[in-house]
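Participant: Below is final13.pdb; it holds PDB, C-alpha atoms.
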MODEL        1
ATOM      1  CA  MET A   2       6.124 218.196-248.218
ATOM      2  CA  LYS A   3       9.108 215.930-248.732
ATOM      3  CA  LYS A   4      12.685 215.925-247.500
ATOM      4  CA  THR A   5      15.685 214.363-249.192
ATOM      5  CA  ILE A   6      17.766 212.091-246.988
ATOM      6  CA  LYS A   7      20.671 209.758-247.599
ATOM      7  CA  ILE A   8      20.420 206.062-246.905
ATOM      8  CA  VAL A   9      23.132 203.403-246.838
ATOM      9  CA  GLN A  10      23.446 200.731-249.514
ATOM     10  CA  LEU A  11      25.717 197.756-248.868
ATOM     11  CA  VAL A  12      26.585 195.631-251.908
ATOM     12  CA  HIS A  13      27.939 192.231-250.869
ATOM     13  CA  ILE A  14      30.923 191.362-253.077
ATOM     14  CA  GLN A  15      32.371 188.506-250.998
ATOM     15  CA  GLY A  16      30.960 186.264-248.301
ATOM     16  CA  PRO A  17      27.725 184.378-247.590
ATOM     17  CA  PHE A  18      25.505 187.092-249.117
ATOM     18  CA  LYS A  19      27.553 187.711-252.271
ATOM     19  CA  GLY A  20      25.559 189.482-254.973
ATOM     20  CA  GLN A  21      22.902 190.780-252.579
ATOM     21  CA  ILE A  22      22.165 194.435-251.855
ATOM     22  CA  GLN A  23      20.822 195.844-248.611
ATOM     23  CA  GLU A  24      19.497 199.306-247.839
ATOM     24  CA  PHE A  25      19.408 200.918-244.392
ATOM     25  CA  SER A  26      17.671 204.171-243.479
ATOM     26  CA  GLU A  27      18.446 204.157-239.769
ATOM     27  CA  ASP A  28      21.103 206.438-238.250
ATOM     28  CA  LYS A  29      23.156 203.513-236.956
ATOM     29  CA  VAL A  30      23.766 200.312-238.925
ATOM     30  CA  THR A  31      25.135 197.578-236.659
ATOM     31  CA  ILE A  32      27.079 194.669-238.129
ATOM     32  CA  GLY A  33      27.821 191.290-236.562
ATOM     33  CA  ARG A  34      26.513 187.822-235.707
ATOM     34  CA  ASN A  35      24.225 189.068-232.966
ATOM     35  CA  PRO A  36      20.574 188.606-234.037
ATOM     36  CA  SER A  37      19.888 192.162-232.873
ATOM     37  CA  CYS A  38      22.293 193.621-235.479
ATOM     38  CA  SER A  39      21.019 195.437-238.556
ATOM     39  CA  LEU A  40      23.256 193.287-240.770
ATOM     40  CA  VAL A  41      23.305 189.789-239.309
ATOM     41  CA  PHE A  42      25.940 187.303-240.491
ATOM     42  CA  PRO A  43      25.499 183.542-239.966
ATOM     43  CA  PRO A  44      26.243 182.370-236.404
ATOM     44  CA  ASP A  45      28.879 179.884-237.631
ATOM     45  CA  LEU A  46      30.945 182.637-239.297
ATOM     46  CA  ALA A  47      33.214 182.860-236.262
ATOM     47  CA  ILE A  48      35.671 185.285-237.858
ATOM     48  CA  VAL A  49      32.987 187.957-237.497
ATOM     49  CA  SER A  50      32.367 189.179-233.946
ATOM     50  CA  ARG A  51      28.874 189.166-232.472
ATOM     51  CA  ASN A  52      28.948 192.972-232.402
ATOM     52  CA  HIS A  53      31.630 193.600-234.990
ATOM     53  CA  ALA A  54      31.190 197.179-236.224
ATOM     54  CA  GLU A  55      28.713 199.933-236.863
ATOM     55  CA  ILE A  56      28.140 202.587-239.491
ATOM     56  CA  VAL A  57      27.005 205.827-237.876
ATOM     57  CA  ARG A  58      25.326 208.765-239.581
ATOM     58  CA  GLU A  59      26.807 212.191-238.830
ATOM     59  CA  GLY A  60      24.702 214.690-240.755
ATOM     60  CA  ASN A  61      25.110 213.675-244.390
ATOM     61  CA  ARG A  62      28.314 211.739-243.691
ATOM     62  CA  PHE A  63      28.793 208.206-242.469
ATOM     63  CA  LYS A  64      31.516 206.817-240.230
ATOM     64  CA  VAL A  65      32.446 203.184-239.597
ATOM     65  CA  VAL A  66      33.468 202.291-236.029
ATOM     66  CA  ASP A  67      35.159 198.975-235.242
ATOM     67  CA  HIS A  68      34.292 196.984-232.100
ATOM     68  CA  SER A  69      35.797 193.632-233.096
ATOM     69  CA  ALA A  70      38.719 191.384-232.244
ATOM     70  CA  ASN A  71      39.580 190.568-235.862
ATOM     71  CA  GLY A  72      39.362 194.063-237.237
ATOM     72  CA  THR A  73      37.443 196.083-239.805
ATOM     73  CA  PHE A  74      39.211 197.222-242.976
ATOM     74  CA  VAL A  75      38.461 200.098-245.356
ATOM     75  CA  ASN A  76      40.006 199.597-248.799
ATOM     76  CA  GLY A  77      42.421 197.097-247.282
ATOM     77  CA  LYS A  78      43.547 199.277-244.359
ATOM     78  CA  ARG A  79      42.592 198.345-240.807
ATOM     79  CA  VAL A  80      40.755 201.150-239.030
ATOM     80  CA  THR A  81      39.353 201.888-235.592
ATOM     81  CA  GLU A  82      37.018 204.437-237.121
ATOM     82  CA  ALA A  83      36.934 206.194-240.477
ATOM     83  CA  TYR A  84      34.631 208.338-242.578
ATOM     84  CA  LEU A  85      33.281 206.540-245.634
ATOM     85  CA  LYS A  86      32.750 207.657-249.207
ATOM     86  CA  ASP A  87      30.852 206.015-252.042
ATOM     87  CA  GLY A  88      32.767 203.071-253.476
ATOM     88  CA  ASP A  89      34.736 202.250-250.314
ATOM     89  CA  VAL A  90      35.130 198.514-249.709
ATOM     90  CA  LEU A  91      34.626 197.288-246.143
ATOM     91  CA  THR A  92      36.186 193.982-245.122
ATOM     92  CA  ILE A  93      34.607 192.479-242.040
ATOM     93  CA  ALA A  94      37.679 190.810-240.471
ATOM     94  CA  GLN A  95      40.803 189.777-242.371
ATOM     95  CA  GLY A  96      39.715 187.285-245.040
ATOM     96  CA  GLY A  97      36.069 187.807-244.105
ATOM     97  CA  PRO A  98      33.048 189.173-245.987
ATOM     98  CA  LYS A  99      33.437 192.249-248.173
ATOM     99  CA  VAL A 100      30.804 194.874-248.891
ATOM    100  CA  SER A 101      30.853 197.954-251.064
ATOM    101  CA  PHE A 102      29.583 201.075-249.300
ATOM    102  CA  LEU A 103      27.260 203.344-251.272
ATOM    103  CA  THR A 104      24.739 206.027-250.398
ATOM    104  CA  LYS A 105      21.465 206.859-252.065
ATOM    105  CA  GLU A 106      19.236 209.920-251.805
ATOM    106  CA  ILE A 107      15.524 209.342-251.307
ATOM    107  CA  ASP A 108      12.543 211.576-250.691
ATOM    108  CA  LYS A 109      10.718 211.042-247.440
ATOM    109  CA  PRO A 110       7.524 212.810-246.303
ATOM    110  CA  ALA A 111       8.384 215.453-243.705
ATOM    111  CA  GLU A 112       5.565 214.360-241.404
ATOM    112  CA  GLN A 113       6.934 210.808-241.387
ATOM    113  CA  ILE A 114      10.388 212.088-240.467
ATOM    114  CA  GLU A 115       8.950 214.214-237.658
ATOM    115  CA  THR A 116       7.017 211.236-236.322
ATOM    116  CA  GLU A 117      10.099 209.011-236.365
ATOM    117  CA  GLU A 118      12.197 211.670-234.632
ATOM    118  CA  ALA A 119       9.554 212.058-231.927
ATOM    119  CA  ILE A 120       9.489 208.317-231.325
ATOM    120  CA  GLN A 121      13.299 208.200-231.210
ATOM    121  CA  ASP A 122      13.349 210.999-228.622
ATOM    122  CA  GLU A 123      11.119 208.890-226.434
ATOM    123  CA  GLY A 124      13.469 205.956-226.868
ATOM    124  CA  ALA A 125      10.608 203.738-227.951
ATOM    125  CA  MET A 126      11.448 203.006-231.538
ATOM    126  CA  GLU A 127      13.128 199.685-232.297
ATOM    127  CA  GLN A 128      15.802 199.546-234.967
ATOM    128  CA  PRO A 129      14.441 197.601-237.966
ATOM    129  CA  HIS A 130      16.401 194.511-238.879
ATOM    130  CA  SER A 131      17.122 194.222-242.557
ATOM    131  CA  GLN A 132      17.567 190.656-243.710
ATOM    132  CA  PRO A 133      19.716 190.094-246.803
ATOM    133  CA  SER A 134      17.671 189.694-249.915
ATOM    134  CA  ALA A 135      18.169 189.693-253.647
ATOM    135  CA  PRO A 136      17.847 193.095-255.340
ATOM    136  CA  GLU A 137      14.247 194.080-255.929
ATOM    137  CA  SER A 138      13.019 193.208-259.370
ATOM    138  CA  SER A 139      10.363 195.891-259.470
ATOM    139  CA  PRO A 140       9.324 196.810-262.982
ATOM    140  CA  PRO A 141      10.932 199.915-264.483
ATOM    141  CA  SER A 142       8.925 203.103-264.707
ATOM    142  CA  ALA A 143       8.752 202.897-268.486
ATOM    143  CA  GLY A 144       8.679 199.973-270.869
ATOM    144  CA  PRO A 145      12.071 199.068-272.333
ATOM    145  CA  GLN A 146      10.754 199.224-275.912
ATOM    146  CA  LEU A 147       9.685 202.848-275.466
ATOM    147  CA  ARG A 148      12.876 203.917-273.753
ATOM    148  CA  SER A 149      15.118 202.298-276.369
ATOM    149  CA  SER A 150      13.481 204.069-279.305
ATOM    150  CA  SER A 151      15.436 207.337-279.087
ATOM    151  CA  ARG A 152      19.042 207.877-280.070
ATOM    152  CA  ALA A 153      21.382 209.763-277.756
ATOM    153  CA  THR A 154      24.887 210.851-278.742
ATOM    154  CA  PRO A 155      27.698 209.782-276.382
ATOM    155  CA  ARG A 156      29.963 212.657-275.393
ATOM    156  CA  GLU A 157      32.439 213.267-272.607
ATOM    157  CA  VAL A 158      30.692 214.377-269.422
ATOM    158  CA  MET A 159      32.145 214.812-265.930
ATOM    159  CA  VAL A 160      29.790 212.587-263.921
ATOM    160  CA  PRO A 161      30.667 209.748-261.533
ATOM    161  CA  LEU A 162      30.323 206.082-262.428
ATOM    162  CA  VAL A 163      30.899 203.124-260.069
ATOM    163  CA  ILE A 164      30.926 199.517-261.317
ATOM    164  CA  GLN A 165      31.085 196.529-258.963
ATOM    165  CA  PHE A 166      31.986 193.236-260.620
ATOM    166  CA  GLY A 167      32.911 190.337-258.333
ATOM    167  CA  PRO A 168      35.640 191.570-255.965
ATOM    168  CA  THR A 169      36.446 194.444-258.339
ATOM    169  CA  LEU A 170      35.110 197.935-257.674
ATOM    170  CA  ARG A 171      36.046 200.666-260.151
ATOM    171  CA  SER A 172      35.186 204.340-259.903
ATOM    172  CA  TYR A 173      35.251 206.808-262.790
ATOM    173  CA  LYS A 174      34.942 210.581-262.740
ATOM    174  CA  LYS A 175      33.756 210.906-266.311
ATOM    175  CA  VAL A 176      31.977 208.972-269.054
ATOM    176  CA  PRO A 177      31.723 207.426-271.643
ATOM    177  CA  VAL A 178      33.154 204.178-270.277
ATOM    178  CA  ILE A 179      33.722 201.272-272.671
ATOM    179  CA  ILE A 180      33.268 197.700-271.378
ATOM    180  CA  GLY A 181      34.917 194.791-273.162
ATOM    181  CA  ARG A 182      37.786 192.310-273.394
ATOM    182  CA  HIS A 183      40.267 194.570-275.198
ATOM    183  CA  PRO A 184      43.140 195.978-273.101
ATOM    184  CA  ASN A 185      42.198 199.501-274.199
ATOM    185  CA  CYS A 186      38.714 199.268-272.693
ATOM    186  CA  HIS A 187      38.070 201.310-269.578
ATOM    187  CA  PHE A 188      36.468 198.338-267.794
ATOM    188  CA  ARG A 189      37.786 194.944-268.866
ATOM    189  CA  ILE A 190      35.806 191.737-268.475
ATOM    190  CA  GLU A 191      37.626 188.629-269.621
ATOM    191  CA  GLN A 192      34.715 186.239-269.803
ATOM    192  CA  SER A 193      33.375 183.952-272.500
ATOM    193  CA  GLY A 194      30.929 185.789-274.731
ATOM    194  CA  ILE A 195      32.313 189.271-274.026
ATOM    195  CA  LEU A 196      33.608 190.930-277.190
ATOM    196  CA  ASP A 197      36.552 193.345-277.519
ATOM    197  CA  ARG A 198      34.250 196.387-277.460
ATOM    198  CA  HIS A 199      31.050 195.128-275.893
ATOM    199  CA  ALA A 200      29.086 197.985-274.322
ATOM    200  CA  GLU A 201      29.289 201.712-273.665
ATOM    201  CA  ILE A 202      27.947 203.655-270.692
ATOM    202  CA  PHE A 203      27.435 207.374-271.192
ATOM    203  CA  PHE A 204      25.393 210.304-269.874
ATOM    204  CA  SER A 205      22.857 212.281-271.888
ATOM    205  CA  GLU A 206      19.596 214.130-271.279
ATOM    206  CA  ASP A 207      20.041 213.865-267.486
ATOM    207  CA  HIS A 208      20.227 210.054-267.632
ATOM    208  CA  TYR A 209      22.872 207.378-267.668
ATOM    209  CA  TRP A 210      22.629 205.257-270.817
ATOM    210  CA  ILE A 211      23.998 201.914-271.944
ATOM    211  CA  LYS A 212      24.549 201.012-275.572
ATOM    212  CA  ASP A 213      25.303 197.660-277.187
ATOM    213  CA  LEU A 214      28.477 197.848-279.319
ATOM    214  CA  THR A 215      28.376 194.233-280.530
ATOM    215  CA  SER A 216      25.861 194.687-283.379
ATOM    216  CA  ARG A 217      24.448 191.312-282.256
ATOM    217  CA  GLN A 218      21.879 192.426-279.678
ATOM    218  CA  LEU A 219      23.768 190.761-276.844
ATOM    219  CA  VAL A 220      23.258 193.581-274.329
ATOM    220  CA  LEU A 221      19.749 193.649-272.878
ATOM    221  CA  VAL A 222      18.028 195.987-270.411
ATOM    222  CA  ASN A 223      15.022 194.326-268.776
ATOM    223  CA  GLY A 224      15.001 191.888-271.688
ATOM    224  CA  ALA A 225      15.008 194.556-274.426
ATOM    225  CA  ALA A 226      17.881 195.109-276.871
ATOM    226  CA  ALA A 227      20.125 198.108-276.178
ATOM    227  CA  ASP A 228      21.631 198.440-279.649
ATOM    228  CA  LEU A 229      20.222 201.982-280.057
ATOM    229  CA  GLY A 230      21.084 202.961-276.473
ATOM    230  CA  VAL A 231      18.763 202.745-273.458
ATOM    231  CA  PRO A 232      18.425 205.307-270.632
ATOM    232  CA  LEU A 233      18.731 203.590-267.265
ATOM    233  CA  SER A 234      16.351 203.799-264.324
ATOM    234  CA  PRO A 235      16.854 202.438-260.776
ATOM    235  CA  HIS A 236      16.317 198.655-260.514
ATOM    236  CA  ASP A 237      16.906 198.104-264.248
ATOM    237  CA  GLU A 238      18.524 194.715-264.911
ATOM    238  CA  ILE A 239      21.336 194.595-267.465
ATOM    239  CA  SER A 240      22.652 191.425-269.079
ATOM    240  CA  LEU A 241      25.810 191.634-271.174
ATOM    241  CA  THR A 242      25.210 188.189-272.699
ATOM    242  CA  PRO A 243      22.396 185.644-272.284
ATOM    243  CA  ASP A 244      24.468 183.799-269.676
ATOM    244  CA  GLY A 245      25.853 186.873-267.916
ATOM    245  CA  PRO A 246      27.344 188.759-266.324
ATOM    246  CA  PHE A 247      24.254 190.504-264.958
ATOM    247  CA  PHE A 248      24.053 193.901-263.272
ATOM    248  CA  THR A 249      21.460 196.065-261.584
ATOM    249  CA  PHE A 250      21.458 199.845-261.931
ATOM    250  CA  LEU A 251      21.215 201.425-258.488
ATOM    251  CA  GLY A 252      20.808 204.985-259.719
ATOM    252  CA  GLY A 253      23.331 207.795-259.471
ATOM    253  CA  GLY A 254      25.769 206.092-261.836
ATOM    254  CA  ARG A 255      26.146 202.885-259.806
ATOM    255  CA  LEU A 256      26.097 199.389-261.267
ATOM    256  CA  ALA A 257      26.361 196.268-259.114
ATOM    257  CA  GLN A 258      26.731 192.691-260.273
ATOM    258  CA  ILE A 259      23.877 190.381-259.315
ATOM    259  CA  GLU A 260      23.635 186.618-259.216
ATOM    260  CA  LYS A 261      21.018 185.333-261.604
ATOM    261  CA  LYS A 262      20.186 181.760-262.515
ATOM    262  CA  VAL A 263      20.814 181.136-266.189
ATOM    263  CA  SER A 264      17.923 179.508-268.028
ATOM    264  CA  PRO A 265      18.521 175.966-269.356
ATOM    265  CA  ALA A 266      18.219 177.253-272.921
ATOM    266  CA  ALA A 267      21.024 179.765-272.357
ATOM    267  CA  GLU A 268      23.212 177.101-270.794
ATOM    268  CA  GLN A 269      22.753 174.722-273.720
ATOM    269  CA  SER A 270      23.305 177.213-276.547
ATOM    270  CA  PRO A 271      26.372 179.481-276.539
ATOM    271  CA  ALA A 272      25.866 183.235-276.690
ATOM    272  CA  VAL A 273      26.175 184.873-280.087
ATOM    273  CA  GLY A 274      29.788 185.762-280.689
ATOM    274  CA  ALA A 275      31.041 183.493-277.904
ATOM    275  CA  PRO A 276      33.879 181.068-278.678
ATOM    276  CA  VAL A 277      32.557 177.641-279.549
ATOM    277  CA  ASP A 278      34.085 174.634-277.854
ATOM    278  CA  GLU A 279      35.488 172.461-280.633
ATOM    279  CA  LYS A 280      35.325 169.323-278.541
ATOM    280  CA  PRO A 281      31.863 167.794-279.063
ATOM    281  CA  SER A 282      29.885 166.638-276.074
ATOM    282  CA  PRO A 283      28.885 162.947-275.890
ATOM    283  CA  GLN A 284      25.772 162.226-277.948
ATOM    284  CA  PRO A 285      23.753 159.194-278.934
ATOM    285  CA  ALA A 286      25.266 157.207-281.768
ATOM    286  CA  GLY A 287      22.523 158.138-284.224
ATOM    287  CA  LYS A 288      23.103 161.863-283.769
ATOM    288  CA  VAL A 289      26.879 161.498-284.134
ATOM    289  CA  GLU A 290      26.458 159.719-287.463
ATOM    290  CA  LYS A 291      24.241 162.514-288.779
ATOM    291  CA  LYS A 292      26.816 165.112-287.765
ATOM    292  CA  LYS A 293      29.587 163.218-289.575
ATOM    293  CA  SER A 294      27.565 163.020-292.763
ATOM    294  CA  PHE A 295      26.888 166.745-292.577
ATOM    295  CA  PHE A 296      30.594 167.568-292.383
ATOM    296  CA  LYS A 297      31.291 165.184-295.280
ATOM    297  CA  LYS A 298      28.852 167.148-297.419
ATOM    298  CA  VAL A 299      30.562 170.408-296.468
ATOM    299  CA  LEU A 300      34.029 169.069-297.271
ATOM    300  CA  LYS A 301      32.936 167.764-300.675
ATOM    301  CA  ARG A 302      31.811 171.233-301.782
TER     302      ARG A 302
ENDMDL
END
Reformat the file's structure so that it appears as C-alpha cells.
Facilitator:
Amino acid sequence: MKKTIKIVQLVHIQGPFKGQIQEFSEDKVTIGRNPSCSLVFPPDLAIVSRNHAEIVREGNRFKVVDHSANGTFVNGKRVTEAYLKDGDVLTIAQGGPKVSFLTKEIDKPAEQIETEEAIQDEGAMEQPHSQPSAPESSPPSAGPQLRSSSRATPREVMVPLVIQFGPTLRSYKKVPVIIGRHPNCHFRIEQSGILDRHAEIFFSEDHYWIKDLTSRQLVLVNGAAADLGVPLSPHDEISLTPDGPFFTFLGGGRLAQIEKKVSPAAEQSPAVGAPVDEKPSPQPAGKVEKKKSFFKKVLKR
C-alpha cells in the first residue's frame, strides 16, 4: 500500500548553487550556513545567517519562517513568515541567493511512513542533510525514439506550466505556450540560436509535450529530435539548441534551467539557424589564402 505525499523542490536560480535542484521530504527544511542545516550555504557567505530560515510543513501546505538578521523575501517582499505556493521565489537575504519553491507529489510505501513516524515520536531520527547536486540524469522510462513517433495535436488546455530561466520565473494557467525570440511569443528568450518561433509546449493524452517549430531539428529531448512532438517524463533533458539553453522537466508542468557543459564541437560550430559572426577568427596563413580563393570563385560566377 502506498501513500501520496508532497515533497519540497528548491531550484537555485541565483547564488553559489545556481542551476542545481534539491529535494527535501522532511517536515522541516532548515536553511543557513550551519552545517546542521538541511540546505547548507558556504561558510564565507556572510550575508546568510547560520540559522537563516526554515520551511515548515503544515499538512499539505508549506510555510517559510525567517530567523535571520538580513531577512528572507518572498517574491521580493520581506516576510517574517508566509505560506508558499508553487513558483514563489525566495531570496535568502537582500542581494543573496534566490531559489524557486516547488512541490512534487510522490508515492511512499505506507509501512515506511509508519516506521518513520514511530521513530520521530521517539525523537531518535536525525534530519537528513541534502547536499546540493546537479539534477539527476536518470534515463527516461521510454526511449526518446519511441516516444517521438506519435503525433499529438496542440489545443488549448487549462493546465499549469512553470518555466524557470535564469532569474526569470514565469507561471502560466493554460497551454500551448510558444517559446522564441519574437515579441508575440508567450516566453521570450533573446539568445543566439533561438528563432522567432522556436518551440511549443502543450498538453495532450495526459502528458506535457514539447514540439520543435524550427524545422531544423534544433530542439532535442534526451538527444532525440522533437520535430514531431515528444511527451515529457520527469528528468527528461531538453536542449533548445546544441549550445543551450538546457532545461530539465520536473514533472507537473515544471521546467527548470540547468547548467550543462557545451561540447567542444558545439562551441566551434554555430547552431543551425544561429547568426554567423562575419568577423573571421585568426587562422594560419595557408587556411586564409584558401578561403580568399574560394570567395573569388564565388564572386566570379
Participant: Might you pull out every residue within 12 Å of Thr73 in chain A, with only C-alpha atoms counted and same-chain residues fewer than 5 positions away left off, and present them as an MDAnalysis selection string?
Facilitator: chainID A and resid 32:33 48:50 52:56 65:68 78:83 90:100
Participant: Would you mind exporting C-alpha atoms of the selected residues as an mmCIF file, in the coordinates of the input?
Facilitator:
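Ended up saving to out34.cif:
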data_model
loop_
_atom_site.group_PDB
_atom_site.id
_atom_site.type_symbol
_atom_site.label_atom_id
_atom_site.label_comp_id
_atom_site.auth_asym_id
_atom_site.auth_seq_id
_atom_site.Cartn_x
_atom_site.Cartn_y
_atom_site.Cartn_z
ATOM 1 C CA ILE A 32 27.079 194.669 -238.129
ATOM 2 C CA GLY A 33 27.821 191.290 -236.562
ATOM 3 C CA ILE A 48 35.671 185.285 -237.858
ATOM 4 C CA VAL A 49 32.987 187.957 -237.497
ATOM 5 C CA SER A 50 32.367 189.179 -233.946
ATOM 6 C CA ASN A 52 28.948 192.972 -232.402
ATOM 7 C CA HIS A 53 31.630 193.600 -234.990
ATOM 8 C CA ALA A 54 31.190 197.179 -236.224
ATOM 9 C CA GLU A 55 28.713 199.933 -236.863
ATOM 10 C CA ILE A 56 28.140 202.587 -239.491
ATOM 11 C CA VAL A 65 32.446 203.184 -239.597
ATOM 12 C CA VAL A 66 33.468 202.291 -236.029
ATOM 13 C CA ASP A 67 35.159 198.975 -235.242
ATOM 14 C CA HIS A 68 34.292 196.984 -232.100
ATOM 15 C CA LYS A 78 43.547 199.277 -244.359
ATOM 16 C CA ARG A 79 42.592 198.345 -240.807
ATOM 17 C CA VAL A 80 40.755 201.150 -239.030
ATOM 18 C CA THR A 81 39.353 201.888 -235.592
ATOM 19 C CA GLU A 82 37.018 204.437 -237.121
ATOM 20 C CA ALA A 83 36.934 206.194 -240.477
ATOM 21 C CA VAL A 90 35.130 198.514 -249.709
ATOM 22 C CA LEU A 91 34.626 197.288 -246.143
ATOM 23 C CA THR A 92 36.186 193.982 -245.122
ATOM 24 C CA ILE A 93 34.607 192.479 -242.040
ATOM 25 C CA ALA A 94 37.679 190.810 -240.471
ATOM 26 C CA GLN A 95 40.803 189.777 -242.371
ATOM 27 C CA GLY A 96 39.715 187.285 -245.040
ATOM 28 C CA GLY A 97 36.069 187.807 -244.105
ATOM 29 C CA PRO A 98 33.048 189.173 -245.987
ATOM 30 C CA LYS A 99 33.437 192.249 -248.173
ATOM 31 C CA VAL A 100 30.804 194.874 -248.891
#
Participant: Just so the selection is clear, what residues does the PyMOL selection byres ((chain A and resi 155-161) around 8) cover here, as a PDB file with C-alpha atoms, in the coordinates of the input?
Facilitator:
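result09.pdb, freshly written:
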ATOM      1  CA  ALA A 153      21.382 209.763-277.756  1.00  0.00           C
ATOM      2  CA  THR A 154      24.887 210.851-278.742  1.00  0.00           C
ATOM      3  CA  LEU A 162      30.323 206.082-262.428  1.00  0.00           C
ATOM      4  CA  VAL A 163      30.899 203.124-260.069  1.00  0.00           C
ATOM      5  CA  SER A 172      35.186 204.340-259.903  1.00  0.00           C
ATOM      6  CA  TYR A 173      35.251 206.808-262.790  1.00  0.00           C
ATOM      7  CA  LYS A 174      34.942 210.581-262.740  1.00  0.00           C
ATOM      8  CA  LYS A 175      33.756 210.906-266.311  1.00  0.00           C
ATOM      9  CA  VAL A 176      31.977 208.972-269.054  1.00  0.00           C
ATOM     10  CA  PRO A 177      31.723 207.426-271.643  1.00  0.00           C
ATOM     11  CA  PHE A 203      27.435 207.374-271.192  1.00  0.00           C
ATOM     12  CA  PHE A 204      25.393 210.304-269.874  1.00  0.00           C
ATOM     13  CA  SER A 205      22.857 212.281-271.888  1.00  0.00           C
ATOM     14  CA  GLY A 253      23.331 207.795-259.471  1.00  0.00           C
ATOM     15  CA  GLY A 254      25.769 206.092-261.836  1.00  0.00           C
TER      16      GLY A 254
END
Participant: How far is it from CA of Gly88 in chain A to CA of Gln165 in chain A, in Å with one decimal?
Facilitator: 8.7 Å
Participant: Would you mind reading off the distance between CA of Phe102 in chain A and CA of Ile6 in chain A, one decimal, in Å?
Facilitator: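 Between CA of Phe102 in chain A and CA of Ile6 in chain A the gap is 16.3 Å.
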Participant: Looking at only C-alpha atoms, which of A:Val222, A:Ile8, A:Ile180, A:Ile14 is the one that sits closest to Ile202 in chain A?
Facilitator: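 The shortest atom-to-atom distance to Ile202 in chain A comes from A:Ile180.
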Participant: Find the residues near Lys29 in chain A: any atom within 12 Å, counting all atoms listed in the file, skip ones fewer than 3 places away on the same chain, and give them as number ranges by chain.
Facilitator: A: 8-9, 25-26, 32, 38-40, 54-60, 62-66, 127-130
Participant: Taking 5 positions as the minimum chain separation for residues in the same chain, which residues sit within 8 Å of Arg182 in chain A when counting all atoms listed in the file? Answer as a compact mmCIF listing (two decimals) with C-alpha atoms, keeping the file's coordinate frame.
Facilitator:
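The result, written out as around.txt:
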# COMPACT_ATOMS: atom_id res chain seq x y z
CA ARG A 189 37.79 194.94 -268.87
CA ILE A 190 35.81 191.74 -268.48
CA GLU A 191 37.63 188.63 -269.62
CA GLN A 192 34.72 186.24 -269.80
CA ILE A 195 32.31 189.27 -274.03
CA LEU A 196 33.61 190.93 -277.19
CA ASP A 197 36.55 193.34 -277.52
CA ARG A 198 34.25 196.39 -277.46
CA HIS A 199 31.05 195.13 -275.89
Participant: Which residues, written as a list in words, have at least one atom at most 8 Å from range 214-219 of chain A, with all atoms listed in the file counted and residues fewer than 6 positions away on the same chain left out?
Facilitator: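 After dropping sequence-adjacent residues, the list is Leu196, Arg198, His199, Ala200, Glu201, Ala226, Ala227, Asp228, Ser240, Leu241, Thr242, Pro243, Ala272, Val273 and Gly274 of chain A.
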Participant: Which residues are near Gly252 in chain A? Cut-off 12 Å, all atoms listed in the file, ignore same chain within fewer than 3 positions. Put them as a PDB file with C-alpha atoms, keeping the file's coordinate frame.
Facilitator:
ATOM      1  CA  GLN A  10      23.446 200.731-249.514  1.00  0.00           C
ATOM      2  CA  LEU A 103      27.260 203.344-251.272  1.00  0.00           C
ATOM      3  CA  THR A 104      24.739 206.027-250.398  1.00  0.00           C
ATOM      4  CA  LYS A 105      21.465 206.859-252.065  1.00  0.00           C
ATOM      5  CA  GLU A 106      19.236 209.920-251.805  1.00  0.00           C
ATOM      6  CA  ILE A 107      15.524 209.342-251.307  1.00  0.00           C
ATOM      7  CA  PRO A 161      30.667 209.748-261.533  1.00  0.00           C
ATOM      8  CA  LEU A 162      30.323 206.082-262.428  1.00  0.00           C
ATOM      9  CA  VAL A 163      30.899 203.124-260.069  1.00  0.00           C
ATOM     10  CA  ILE A 164      30.926 199.517-261.317  1.00  0.00           C
ATOM     11  CA  ASP A 207      20.041 213.865-267.486  1.00  0.00           C
ATOM     12  CA  HIS A 208      20.227 210.054-267.632  1.00  0.00           C
ATOM     13  CA  TYR A 209      22.872 207.378-267.668  1.00  0.00           C
ATOM     14  CA  TRP A 210      22.629 205.257-270.817  1.00  0.00           C
ATOM     15  CA  PRO A 232      18.425 205.307-270.632  1.00  0.00           C
ATOM     16  CA  LEU A 233      18.731 203.590-267.265  1.00  0.00           C
ATOM     17  CA  SER A 234      16.351 203.799-264.324  1.00  0.00           C
ATOM     18  CA  PRO A 235      16.854 202.438-260.776  1.00  0.00           C
ATOM     19  CA  HIS A 236      16.317 198.655-260.514  1.00  0.00           C
ATOM     20  CA  ASP A 237      16.906 198.104-264.248  1.00  0.00           C
ATOM     21  CA  GLU A 238      18.524 194.715-264.911  1.00  0.00           C
ATOM     22  CA  THR A 249      21.460 196.065-261.584  1.00  0.00           C
ATOM     23  CA  ARG A 255      26.146 202.885-259.806  1.00  0.00           C
ATOM     24  CA  LEU A 256      26.097 199.389-261.267  1.00  0.00           C
ATOM     25  CA  ALA A 257      26.361 196.268-259.114  1.00  0.00           C
TER      26      ALA A 257
END
Participant: In Å, with one decimal, what is the gap from CA of His183 in chain A to CA of Gly20 in chain A?
Facilitator: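 Separating CA of His183 in chain A from CA of Gly20 in chain A is a distance of 25.5 Å.
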Participant: Counting only C-alpha atoms, figure out which residue out of A:Asn185, A:Asn71, A:Asn223, A:Ser101 gets nearest to His13 in chain A.
Facilitator: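 Closest to His13 in chain A, using only C-alpha atoms: A:Ser101.
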Participant: Taking into account all atoms listed in the file, which residue in the set A:Lys261, A:Gly194, A:Leu251, A:Pro246 is nearest to Glu24 in chain A?
Facilitator: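 Under the stated criterion, the closest residue is A:Leu251.
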Participant: For each of A:Tyr84, A:Asp89, A:Ile211, A:Pro44, take the minimum atom-to-atom distance to Leu11 in chain A, counting only C-alpha atoms, then give the residue where this is smallest.
Facilitator: A:Asp89
